[in-house]
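Asks: To be precise about what I am sending: the file is called input_21.pdb and holds PDB, C-alpha atoms.
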```pdb
MODEL        1
ATOM      1  CA  MET E   1      66.598  63.134  12.443  1.00  0.00           C
ATOM      2  CA  LEU E   2      66.640  65.441  15.436  1.00  0.00           C
ATOM      3  CA  ARG E   3      63.656  67.523  16.313  1.00  0.00           C
ATOM      4  CA  TRP E   4      63.962  71.165  17.275  1.00  0.00           C
ATOM      5  CA  GLY E   5      62.736  70.366  20.811  1.00  0.00           C
ATOM      6  CA  SER E   6      65.548  67.855  21.270  1.00  0.00           C
ATOM      7  CA  ILE E   7      68.074  70.345  19.954  1.00  0.00           C
ATOM      8  CA  GLY E   8      66.733  73.018  22.301  1.00  0.00           C
ATOM      9  CA  LEU E   9      66.896  70.649  25.281  1.00  0.00           C
ATOM     10  CA  LEU E  10      70.450  69.620  24.383  1.00  0.00           C
ATOM     11  CA  PHE E  11      71.389  73.299  24.050  1.00  0.00           C
ATOM     12  CA  LEU E  12      69.917  74.079  27.514  1.00  0.00           C
ATOM     13  CA  ILE E  13      71.823  71.157  29.074  1.00  0.00           C
ATOM     14  CA  ILE E  14      75.077  72.363  27.534  1.00  0.00           C
ATOM     15  CA  ILE E  15      74.451  75.906  28.811  1.00  0.00           C
ATOM     16  CA  LEU E  16      73.682  74.508  32.272  1.00  0.00           C
ATOM     17  CA  LEU E  17      76.877  72.444  32.367  1.00  0.00           C
ATOM     18  CA  VAL E  18      79.074  75.256  31.051  1.00  0.00           C
ATOM     19  CA  SER E  19      77.593  77.789  33.477  1.00  0.00           C
ATOM     20  CA  SER E  20      78.078  75.388  36.396  1.00  0.00           C
ATOM     21  CA  LEU E  21      81.735  75.034  35.415  1.00  0.00           C
ATOM     22  CA  ILE E  22      82.180  78.799  35.108  1.00  0.00           C
ATOM     23  CA  ILE E  23      80.651  79.640  38.511  1.00  0.00           C
ATOM     24  CA  ASN E  24      82.089  76.496  40.118  1.00  0.00           C
ATOM     25  CA  ARG E  25      78.749  75.170  41.400  1.00  0.00           C
ATOM     26  CA  SER E  26      76.929  71.923  40.736  1.00  0.00           C
ATOM     27  CA  PRO E  27      74.348  71.874  37.943  1.00  0.00           C
ATOM     28  CA  LEU E  28      71.671  71.203  40.567  1.00  0.00           C
ATOM     29  CA  ASP E  29      72.686  74.355  42.477  1.00  0.00           C
ATOM     30  CA  VAL E  30      72.507  76.331  39.228  1.00  0.00           C
ATOM     31  CA  ILE E  31      68.980  75.005  38.570  1.00  0.00           C
ATOM     32  CA  ARG E  32      67.960  75.837  42.147  1.00  0.00           C
ATOM     33  CA  GLY E  33      69.337  79.345  41.725  1.00  0.00           C
ATOM     34  CA  ILE E  34      67.447  79.868  38.474  1.00  0.00           C
ATOM     35  CA  TRP E  35      64.238  78.415  39.933  1.00  0.00           C
ATOM     36  CA  GLY E  36      64.632  80.591  43.033  1.00  0.00           C
ATOM     37  CA  ASP E  37      64.984  83.676  40.848  1.00  0.00           C
ATOM     38  CA  VAL E  38      61.852  82.779  38.881  1.00  0.00           C
ATOM     39  CA  SER E  39      59.661  81.526  41.752  1.00  0.00           C
ATOM     40  CA  GLY E  40      60.866  83.972  44.392  1.00  0.00           C
ATOM     41  CA  TYR E  41      61.807  81.070  46.668  1.00  0.00           C
ATOM     42  CA  SER E  42      65.233  80.962  48.216  1.00  0.00           C
ATOM     43  CA  ASP E  43      66.840  79.422  51.283  1.00  0.00           C
ATOM     44  CA  ASP E  44      67.977  82.914  52.240  1.00  0.00           C
ATOM     45  CA  PRO E  45      65.120  85.106  53.557  1.00  0.00           C
ATOM     46  CA  MET E  46      67.078  88.240  52.594  1.00  0.00           C
ATOM     47  CA  SER E  47      66.881  87.358  48.889  1.00  0.00           C
ATOM     48  CA  MET E  48      63.191  86.332  48.766  1.00  0.00           C
ATOM     49  CA  ASN E  49      60.522  88.364  47.016  1.00  0.00           C
ATOM     50  CA  LYS E  50      57.632  89.700  49.128  1.00  0.00           C
ATOM     51  CA  GLN E  51      55.239  86.816  48.459  1.00  0.00           C
ATOM     52  CA  ALA E  52      57.843  84.144  49.226  1.00  0.00           C
ATOM     53  CA  LEU E  53      58.961  86.055  52.324  1.00  0.00           C
ATOM     54  CA  ARG E  54      55.377  86.253  53.632  1.00  0.00           C
ATOM     55  CA  SER E  55      54.996  82.514  53.112  1.00  0.00           C
ATOM     56  CA  TYR E  56      58.314  81.917  54.883  1.00  0.00           C
ATOM     57  CA  VAL E  57      57.284  84.078  57.857  1.00  0.00           C
ATOM     58  CA  VAL E  58      53.928  82.278  58.158  1.00  0.00           C
ATOM     59  CA  GLN E  59      55.745  78.938  58.095  1.00  0.00           C
ATOM     60  CA  GLN E  60      58.164  80.091  60.809  1.00  0.00           C
ATOM     61  CA  GLU E  61      55.270  81.398  62.947  1.00  0.00           C
ATOM     62  CA  GLU E  62      53.541  78.002  62.647  1.00  0.00           C
ATOM     63  CA  ILE E  63      56.720  76.286  63.831  1.00  0.00           C
ATOM     64  CA  ILE E  64      57.005  78.704  66.765  1.00  0.00           C
ATOM     65  CA  ASP E  65      53.342  78.143  67.704  1.00  0.00           C
ATOM     66  CA  SER E  66      53.851  74.385  67.568  1.00  0.00           C
ATOM     67  CA  LEU E  67      56.935  74.598  69.772  1.00  0.00           C
ATOM     68  CA  ASN E  68      55.134  76.882  72.253  1.00  0.00           C
ATOM     69  CA  THR E  69      52.285  74.360  72.457  1.00  0.00           C
ATOM     70  CA  GLU E  70      54.744  71.536  73.114  1.00  0.00           C
ATOM     71  CA  LEU E  71      56.512  73.631  75.748  1.00  0.00           C
ATOM     72  CA  SER E  72      53.205  74.401  77.476  1.00  0.00           C
ATOM     73  CA  ASN E  73      52.313  70.713  77.448  1.00  0.00           C
ATOM     74  CA  CYS E  74      55.693  69.863  78.925  1.00  0.00           C
ATOM     75  CA  ASN E  75      55.464  72.544  81.627  1.00  0.00           C
ATOM     76  CA  SER E  76      51.928  71.572  82.609  1.00  0.00           C
ATOM     77  CA  LYS E  77      52.824  67.946  83.260  1.00  0.00           C
ATOM     78  CA  ARG E  78      52.648  66.850  86.854  1.00  0.00           C
ATOM     79  CA  VAL E  79      55.944  67.227  88.691  1.00  0.00           C
ATOM     80  CA  ARG E  80      56.966  63.916  90.174  1.00  0.00           C
ATOM     81  CA  ALA E  81      58.756  63.109  93.376  1.00  0.00           C
ATOM     82  CA  GLY E  82      61.532  60.580  93.777  1.00  0.00           C
ATOM     83  CA  ILE E  83      63.651  59.054  96.501  1.00  0.00           C
ATOM     84  CA  VAL E  84      67.449  58.816  96.319  1.00  0.00           C
ATOM     85  CA  ASP E  85      68.318  55.100  96.404  1.00  0.00           C
ATOM     86  CA  VAL E  86      72.075  54.451  96.343  1.00  0.00           C
ATOM     87  CA  ASN E  87      74.452  51.969  97.990  1.00  0.00           C
ATOM     88  CA  THR E  88      76.516  54.828  99.399  1.00  0.00           C
ATOM     89  CA  LEU E  89      75.787  57.606 101.885  1.00  0.00           C
ATOM     90  CA  THR E  90      75.200  60.299  99.230  1.00  0.00           C
ATOM     91  CA  LEU E  91      74.403  60.850  95.564  1.00  0.00           C
ATOM     92  CA  ASN E  92      76.232  63.558  93.612  1.00  0.00           C
ATOM     93  CA  MET E  93      74.030  66.177  91.914  1.00  0.00           C
ATOM     94  CA  ARG E  94      75.899  67.687  88.963  1.00  0.00           C
ATOM     95  CA  THR E  95      75.668  70.818  86.813  1.00  0.00           C
ATOM     96  CA  LYS E  96      75.310  68.790  83.584  1.00  0.00           C
ATOM     97  CA  PRO E  97      74.374  65.210  82.690  1.00  0.00           C
ATOM     98  CA  SER E  98      77.968  64.018  82.748  1.00  0.00           C
ATOM     99  CA  LEU E  99      80.414  62.540  85.247  1.00  0.00           C
ATOM    100  CA  ALA E 100      82.899  65.166  84.088  1.00  0.00           C
ATOM    101  CA  SER E 101      80.683  68.054  85.227  1.00  0.00           C
ATOM    102  CA  ASP E 102      80.972  69.790  88.590  1.00  0.00           C
ATOM    103  CA  VAL E 103      79.204  68.449  91.679  1.00  0.00           C
ATOM    104  CA  ILE E 104      76.650  70.942  93.055  1.00  0.00           C
ATOM    105  CA  LEU E 105      75.406  68.973  96.055  1.00  0.00           C
ATOM    106  CA  ARG E 106      75.743  65.634  97.741  1.00  0.00           C
ATOM    107  CA  ILE E 107      72.235  64.344  98.464  1.00  0.00           C
ATOM    108  CA  PRO E 108      71.879  61.881 101.369  1.00  0.00           C
ATOM    109  CA  ASN E 109      70.521  58.420 100.576  1.00  0.00           C
ATOM    110  CA  GLY E 110      66.761  58.202 101.208  1.00  0.00           C
ATOM    111  CA  THR E 111      66.135  61.909 100.547  1.00  0.00           C
ATOM    112  CA  GLU E 112      63.044  62.964  98.598  1.00  0.00           C
ATOM    113  CA  VAL E 113      63.735  65.084  95.483  1.00  0.00           C
ATOM    114  CA  THR E 114      61.603  66.730  92.805  1.00  0.00           C
ATOM    115  CA  VAL E 115      62.016  65.052  89.413  1.00  0.00           C
ATOM    116  CA  ASN E 116      61.721  67.419  86.459  1.00  0.00           C
ATOM    117  CA  TYR E 117      62.438  64.983  83.616  1.00  0.00           C
ATOM    118  CA  PHE E 118      64.743  62.260  82.358  1.00  0.00           C
ATOM    119  CA  ASP E 119      67.194  62.804  79.515  1.00  0.00           C
ATOM    120  CA  THR E 120      66.118  61.158  76.244  1.00  0.00           C
ATOM    121  CA  GLU E 121      69.547  59.600  75.643  1.00  0.00           C
ATOM    122  CA  LYS E 122      70.384  56.227  77.200  1.00  0.00           C
ATOM    123  CA  TYR E 123      73.866  55.671  78.599  1.00  0.00           C
ATOM    124  CA  TYR E 124      75.832  53.005  80.415  1.00  0.00           C
ATOM    125  CA  LEU E 125      77.439  53.819  83.749  1.00  0.00           C
ATOM    126  CA  ASP E 126      79.246  51.084  85.668  1.00  0.00           C
ATOM    127  CA  GLY E 127      77.506  48.525  83.454  1.00  0.00           C
ATOM    128  CA  ILE E 128      74.036  49.895  84.238  1.00  0.00           C
ATOM    129  CA  GLN E 129      71.931  51.253  81.384  1.00  0.00           C
ATOM    130  CA  GLY E 130      70.028  54.398  82.297  1.00  0.00           C
ATOM    131  CA  GLN E 131      69.298  58.030  81.701  1.00  0.00           C
ATOM    132  CA  TRP E 132      70.381  61.162  83.471  1.00  0.00           C
ATOM    133  CA  CYS E 133      67.628  62.743  85.550  1.00  0.00           C
ATOM    134  CA  ASN E 134      67.086  66.473  86.022  1.00  0.00           C
ATOM    135  CA  ILE E 135      65.980  67.199  89.585  1.00  0.00           C
ATOM    136  CA  ILE E 136      65.446  69.955  92.133  1.00  0.00           C
ATOM    137  CA  HIS E 137      66.812  69.601  95.646  1.00  0.00           C
ATOM    138  CA  ALA E 138      67.447  72.266  98.281  1.00  0.00           C
ATOM    139  CA  GLY E 139      66.548  74.991  95.773  1.00  0.00           C
ATOM    140  CA  GLN E 140      69.175  73.803  93.281  1.00  0.00           C
ATOM    141  CA  VAL E 141      68.503  72.337  89.842  1.00  0.00           C
ATOM    142  CA  GLY E 142      70.909  69.665  88.667  1.00  0.00           C
ATOM    143  CA  TRP E 143      71.494  66.212  87.231  1.00  0.00           C
ATOM    144  CA  VAL E 144      71.791  62.793  88.861  1.00  0.00           C
ATOM    145  CA  TRP E 145      72.142  59.297  87.450  1.00  0.00           C
ATOM    146  CA  GLY E 146      68.523  58.218  86.880  1.00  0.00           C
ATOM    147  CA  PRO E 147      68.703  54.598  88.091  1.00  0.00           C
ATOM    148  CA  TYR E 148      69.524  55.975  91.557  1.00  0.00           C
ATOM    149  CA  ILE E 149      66.134  57.762  91.745  1.00  0.00           C
ATOM    150  CA  LYS E 150      63.052  55.723  92.582  1.00  0.00           C
ATOM    151  CA  LEU E 151      59.911  57.533  91.447  1.00  0.00           C
ATOM    152  CA  ILE E 152      57.091  57.931  93.963  1.00  0.00           C
ATOM    153  CA  GLU E 153      53.734  57.322  92.323  1.00  0.00           C
TER     154      GLU E 153
ENDMDL
END
```
How does this structure look as structure tokens?

Replies:
Amino acid sequence: MLRWGSIGLLFLIIILLVSSLIINRSPLDVIRGIWGDVSGYSDDPMSMNKQALRSYVVQQEEIIDSLNTELSNCNSKRVRAGIVDVNTLTLNMRTKPSLASDVILRIPNGTEVTVNYFDTEKYYLDGIQGQWCNIIHAGQVGWVWGPYIKLIE
């Protein structure tokens, strides 16, 4: 014997499946759409109600504040110096962290440079594992292969 609650639930499931077929969306997307209409929440800020939009804006402002704090922390870190240490006469400084990018300058071996930061990705170049290094030299900002820079402490 079926209870009315079970019949109602079965009826709702059938309506959900039929409506998802009609609008060509998954049943989960249909549920999300219905819940968004009821709760005011939506992934699209343009379709949110006022309360949900305020909450969304506060959340975005918190993210921006967090990123600004991280940026300030990054900018306030001590700038380090390094020495070019290569087996050739010069080291190529490039526009991007890639051998395919343009060469800006050729820095003589033994030259002191300002080290901004190292890329977070690790690469292999000529069998050497390392990271690209963002530097300043002669008023230019560019990239060099990190293992060729010896940090001065």

Asks: Work out how far apart atom CA of E:Leu71 and atom CA of E:Thr95 are and give it in Å to one decimal.

Replies: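 Taking atom CA of E:Leu71 and atom CA of E:Thr95, their separation equals 22.3 Å.
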
Asks: Could you please determine the separation between atom CA of E:Val18 and atom CA of E:Asn49 in Å, to one decimal place?

Replies: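 Taking atom CA of E:Val18 and atom CA of E:Asn49, their separation equals 27.8 Å.
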
Asks: Around the point (73.9, 67.5, 79.6) in the file's coordinates, collect all residues with an atom within 9 Å, using all atoms listed in the file, and return them as JSON, numbers by chain.

Replies: {"E": [95, 96, 97, 98, 101, 119, 132, 143]}

Asks: Show me, as a list in words, the residues that have an atom within 10 Å of E:Gln131 when counting only C-alpha atoms, minus same-chain residues fewer than 2 positions from it.

Replies: Pro97, Tyr117, Phe118, Asp119, Thr120, Glu121, Lys122, Tyr123, Tyr124, Leu125, Ile128, Gln129, Cys133, Asn134, Val144, Trp145, Gly146 and Pro147 of chain E

Asks: Create the file for the chosen residues now, containing C-alpha atoms and written as a tab-separated table (two decimals), in the coordinates of the input.

Replies:
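Final output, saved to out.tsv:
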```tsv
chain	number	residue	atom	x	y	z
E	97	PRO	CA	74.37	65.21	82.69
E	117	TYR	CA	62.44	64.98	83.62
E	118	PHE	CA	64.74	62.26	82.36
E	119	ASP	CA	67.19	62.80	79.52
E	120	THR	CA	66.12	61.16	76.24
E	121	GLU	CA	69.55	59.60	75.64
E	122	LYS	CA	70.38	56.23	77.20
E	123	TYR	CA	73.87	55.67	78.60
E	124	TYR	CA	75.83	53.00	80.42
E	125	LEU	CA	77.44	53.82	83.75
E	128	ILE	CA	74.04	49.90	84.24
E	129	GLN	CA	71.93	51.25	81.38
E	133	CYS	CA	67.63	62.74	85.55
E	134	ASN	CA	67.09	66.47	86.02
E	144	VAL	CA	71.79	62.79	88.86
E	145	TRP	CA	72.14	59.30	87.45
E	146	GLY	CA	68.52	58.22	86.88
E	147	PRO	CA	68.70	54.60	88.09
```

Asks: Do a neighbour search on E:Val141 at 10 Å with all atoms listed in the file, toss out local chain neighbours closer than 3 positions, and write the hits as a list in words.

Replies: Met93, Arg94, Thr95, Lys96, Ile104, Leu105, Thr114, Val115, Asn116, Asn134, Ile135, Ile136, His137 and Ala138 of chain E

Asks: Keeping only C-alpha atoms, write the selected residues as a CSV table (one decimal), in the frame of the given file.

Replies:
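Writing the result to part_7.csv gives the following:
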```
chain,number,residue,atom,x,y,z
E,93,MET,CA,74.0,66.2,91.9
E,94,ARG,CA,75.9,67.7,89.0
E,95,THR,CA,75.7,70.8,86.8
E,96,LYS,CA,75.3,68.8,83.6
E,104,ILE,CA,76.6,70.9,93.1
E,105,LEU,CA,75.4,69.0,96.1
E,114,THR,CA,61.6,66.7,92.8
E,115,VAL,CA,62.0,65.1,89.4
E,116,ASN,CA,61.7,67.4,86.5
E,134,ASN,CA,67.1,66.5,86.0
E,135,ILE,CA,66.0,67.2,89.6
E,136,ILE,CA,65.4,70.0,92.1
E,137,HIS,CA,66.8,69.6,95.6
E,138,ALA,CA,67.4,72.3,98.3
```

Asks: Please compute the atom CA of E:Ser19-atom CA of E:Tyr56 distance, one decimal, in Å.

Replies: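 Between these atoms lies a distance of 29.1 Å.
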
Asks: Considering all atoms listed in the file, state which residue in the set E:Arg80, E:Arg106, E:Arg54, E:Arg25 is at the smallest distance from E:Lys150.

Replies: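 Closest to E:Lys150, using all atoms listed in the file: E:Arg80.
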
Asks: Evaluate the PyMOL selection byres ((chain E and resi 111) around 9) against this structure - the residues, as a PyMOL selection string, please.

Replies: chain E and resi 82-85+107-110+112-113

Asks: Of the candidates E:Ile149, E:Leu99, E:Ser20, E:Glu70, which one gets nearest to E:Val86 if we count all atoms listed in the file?

Replies: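 For E:Val86, the nearest of the candidates is E:Ile149.
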